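Take a look at the structure set out below.
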Amino acid sequence: MLFRSAATALNSKFCGDWRQNAAKTPSVGRGAPAPAAGAGTPSANSLKDGMETTTAFMKAMAEGAPTELRPDFQTLAKFWSDYAAVMARNNYDFARVAMDADFQKVAAGSDGVDKASANIQAWVQKNCG
C-alpha cells in the first residue's frame, strides 16, 4: 500500500507539472499567436536561449518522469540534446544545420521519437485526466 501511494503521489506531481508546462508552452496546433508583422526571424540569441531552456526541461522531465515513462522521456531528451548541439555548432542558422552531416544522423536516428511521443501522450491521457 505504501508503494502504491508513493506511486500515486509521483504521478500526481508529474501530471501537475505536465499541465503547468503545457499551459506555458505555445503550440501551433493550439493556435499560438503569429509573430508580429515586421518581427522578422528570431535572433540566434533567442533561439539559443530557447534551445537551452528546452534541453534543460527535457532532461528534468526525463529524470522526474514516472518509471514507466522514463525511457520514453530519455529518448526525447537525447534527440533534443543532439539536435540542440548541432544547432549550437551552426550558430542557430537553419540553412547551415540542414547541410550538417551530424544533423542528417540526428534526423535519421529519430525513429523512436514518434513512438516515445505516442507512449507519453497515451500515458498522460490515461493518468492525468
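Ligands are numbered from 1 in the order shown, residues from 1 within each chain, and chains are lettered A, B, ... in the order they appear in the C-alpha cells.
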
Taking the DSSP assignment computed from this structure's backbone, write out as a ChimeraX atom specification all residues of segment 33-109 of chain A that belong to alpha helix (DSSP H).
-> /A:44-64,70-89,94-99,101-108

Write out as a PyMOL selection string the residues lying within 10 Å of Met58 of chain A, counting only C-alpha atoms and excluding same-chain residues fewer than 4 positions away.
-> chain A and resi 52-54+62-64+73-81

Print the selection's residues with all heavy atoms to a file, as a CSV table (one decimal), in the first residue's frame.
chain,number,residue,atom,x,y,z
A,52,GLU,N,18.4,26.0,-25.1
A,52,GLU,CA,18.9,25.7,-23.8
A,52,GLU,C,17.9,25.4,-22.8
A,52,GLU,O,17.9,24.5,-22.0
A,52,GLU,CB,19.9,26.8,-23.3
A,52,GLU,CG,21.2,26.8,-24.1
A,52,GLU,CD,22.1,28.0,-23.8
A,52,GLU,OE1,21.7,28.9,-23.0
A,52,GLU,OE2,23.2,28.0,-24.3
A,53,THR,N,16.8,26.3,-22.8
A,53,THR,CA,15.7,26.1,-21.8
A,53,THR,C,15.0,24.8,-22.1
A,53,THR,O,14.7,24.0,-21.2
A,53,THR,CB,14.7,27.3,-22.0
A,53,THR,OG1,15.4,28.5,-21.7
A,53,THR,CG2,13.5,27.1,-21.1
A,54,THR,N,14.8,24.4,-23.4
A,54,THR,CA,14.1,23.2,-23.7
A,54,THR,C,14.9,22.0,-23.4
A,54,THR,O,14.4,21.0,-22.9
A,54,THR,CB,13.7,23.2,-25.2
A,54,THR,OG1,12.8,24.3,-25.4
A,54,THR,CG2,12.9,21.9,-25.6
A,62,ALA,N,12.8,13.9,-18.1
A,62,ALA,CA,13.3,12.5,-18.1
A,62,ALA,C,13.7,12.0,-16.7
A,62,ALA,O,13.5,10.8,-16.4
A,62,ALA,CB,14.5,12.4,-19.1
A,63,GLU,N,14.3,12.9,-15.9
A,63,GLU,CA,14.7,12.5,-14.6
A,63,GLU,C,13.5,12.3,-13.6
A,63,GLU,O,13.6,11.5,-12.7
A,63,GLU,CB,15.7,13.5,-14.0
A,63,GLU,CG,17.1,13.4,-14.8
A,63,GLU,CD,18.0,14.6,-14.4
A,63,GLU,OE1,17.6,15.5,-13.6
A,63,GLU,OE2,19.1,14.6,-14.9
A,64,GLY,N,12.5,13.1,-13.8
A,64,GLY,CA,11.4,13.1,-12.9
A,64,GLY,C,10.2,12.3,-13.4
A,64,GLY,O,9.2,12.3,-12.6
A,73,PHE,N,10.9,9.4,-22.2
A,73,PHE,CA,11.4,10.8,-22.0
A,73,PHE,C,12.9,10.8,-22.2
A,73,PHE,O,13.4,11.8,-22.8
A,73,PHE,CB,11.1,11.3,-20.6
A,73,PHE,CG,9.8,12.1,-20.6
A,73,PHE,CD1,8.7,11.5,-20.0
A,73,PHE,CD2,9.6,13.3,-21.1
A,73,PHE,CE1,7.4,12.1,-20.0
A,73,PHE,CE2,8.4,14.0,-21.1
A,73,PHE,CZ,7.3,13.4,-20.6
A,74,GLN,N,13.6,9.8,-21.9
A,74,GLN,CA,15.1,9.7,-22.2
A,74,GLN,C,15.3,9.8,-23.7
A,74,GLN,O,16.2,10.4,-24.2
A,74,GLN,CB,15.7,8.5,-21.5
A,74,GLN,CG,15.8,8.7,-20.0
A,74,GLN,CD,16.2,7.4,-19.3
A,74,GLN,OE1,16.0,6.3,-19.9
A,74,GLN,NE2,16.6,7.5,-18.1
A,75,THR,N,14.5,9.1,-24.4
A,75,THR,CA,14.6,9.1,-25.9
A,75,THR,C,14.4,10.5,-26.4
A,75,THR,O,15.2,11.0,-27.3
A,75,THR,CB,13.5,8.1,-26.5
A,75,THR,OG1,13.8,6.8,-26.1
A,75,THR,CG2,13.5,8.2,-28.0
A,76,LEU,N,13.3,11.2,-26.0
A,76,LEU,CA,13.1,12.6,-26.4
A,76,LEU,C,14.2,13.5,-26.0
A,76,LEU,O,14.6,14.3,-26.8
A,76,LEU,CB,11.7,13.1,-25.9
A,76,LEU,CG,10.5,12.4,-26.4
A,76,LEU,CD1,9.2,13.0,-25.7
A,76,LEU,CD2,10.4,12.5,-27.9
A,77,ALA,N,14.6,13.4,-24.7
A,77,ALA,CA,15.7,14.2,-24.2
A,77,ALA,C,17.0,14.1,-25.0
A,77,ALA,O,17.7,15.0,-25.4
A,77,ALA,CB,15.9,14.0,-22.8
A,78,LYS,N,17.3,12.8,-25.4
A,78,LYS,CA,18.6,12.6,-26.1
A,78,LYS,C,18.4,13.2,-27.5
A,78,LYS,O,19.3,13.8,-28.0
A,78,LYS,CB,18.9,11.1,-26.2
A,78,LYS,CG,20.0,10.8,-27.2
A,78,LYS,CD,21.0,9.9,-26.7
A,78,LYS,CE,22.1,9.5,-27.6
A,78,LYS,NZ,22.7,10.5,-28.4
A,79,PHE,N,17.3,12.9,-28.2
A,79,PHE,CA,17.1,13.5,-29.5
A,79,PHE,C,17.2,15.0,-29.5
A,79,PHE,O,17.9,15.6,-30.3
A,79,PHE,CB,15.7,13.1,-30.1
A,79,PHE,CG,15.4,13.8,-31.3
A,79,PHE,CD1,15.9,13.4,-32.5
A,79,PHE,CD2,14.5,14.9,-31.3
A,79,PHE,CE1,15.6,14.1,-33.7
A,79,PHE,CE2,14.2,15.6,-32.5
A,79,PHE,CZ,14.8,15.2,-33.7
A,80,TRP,N,16.5,15.7,-28.5
A,80,TRP,CA,16.6,17.1,-28.4
A,80,TRP,C,18.0,17.6,-28.1
A,80,TRP,O,18.4,18.6,-28.7
A,80,TRP,CB,15.6,17.6,-27.4
A,80,TRP,CG,15.6,19.1,-27.4
A,80,TRP,CD1,16.3,20.0,-26.6
A,80,TRP,CD2,14.9,19.9,-28.3
A,80,TRP,NE1,16.0,21.3,-27.0
A,80,TRP,CE2,15.2,21.3,-28.0
A,80,TRP,CE3,14.0,19.6,-29.4
A,80,TRP,CZ2,14.6,22.3,-28.7
A,80,TRP,CZ3,13.4,20.7,-30.1
A,80,TRP,CH2,13.8,22.0,-29.8
A,81,SER,N,18.7,16.9,-27.2
A,81,SER,CA,20.0,17.4,-26.9
A,81,SER,C,21.0,17.3,-28.1
A,81,SER,O,21.8,18.2,-28.4
A,81,SER,CB,20.6,16.5,-25.8
A,81,SER,OG,21.9,16.8,-25.5

List the neighbours of segment 115-129 of chain A out to 9 Å using only C-alpha atoms; skip same-chain residues closer than 3 positions along the sequence, and give me the result as a ChimeraX atom specification.
-> /A:11-12,14-16,18-19,69,71-76,111-112

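Among the candidate residues A:Tyr83, A:Asn91, A:Lys13, A:Ala60, the one lying nearest to Lys105 of chain A is A:Tyr83, with distances computed using only C-alpha atoms.
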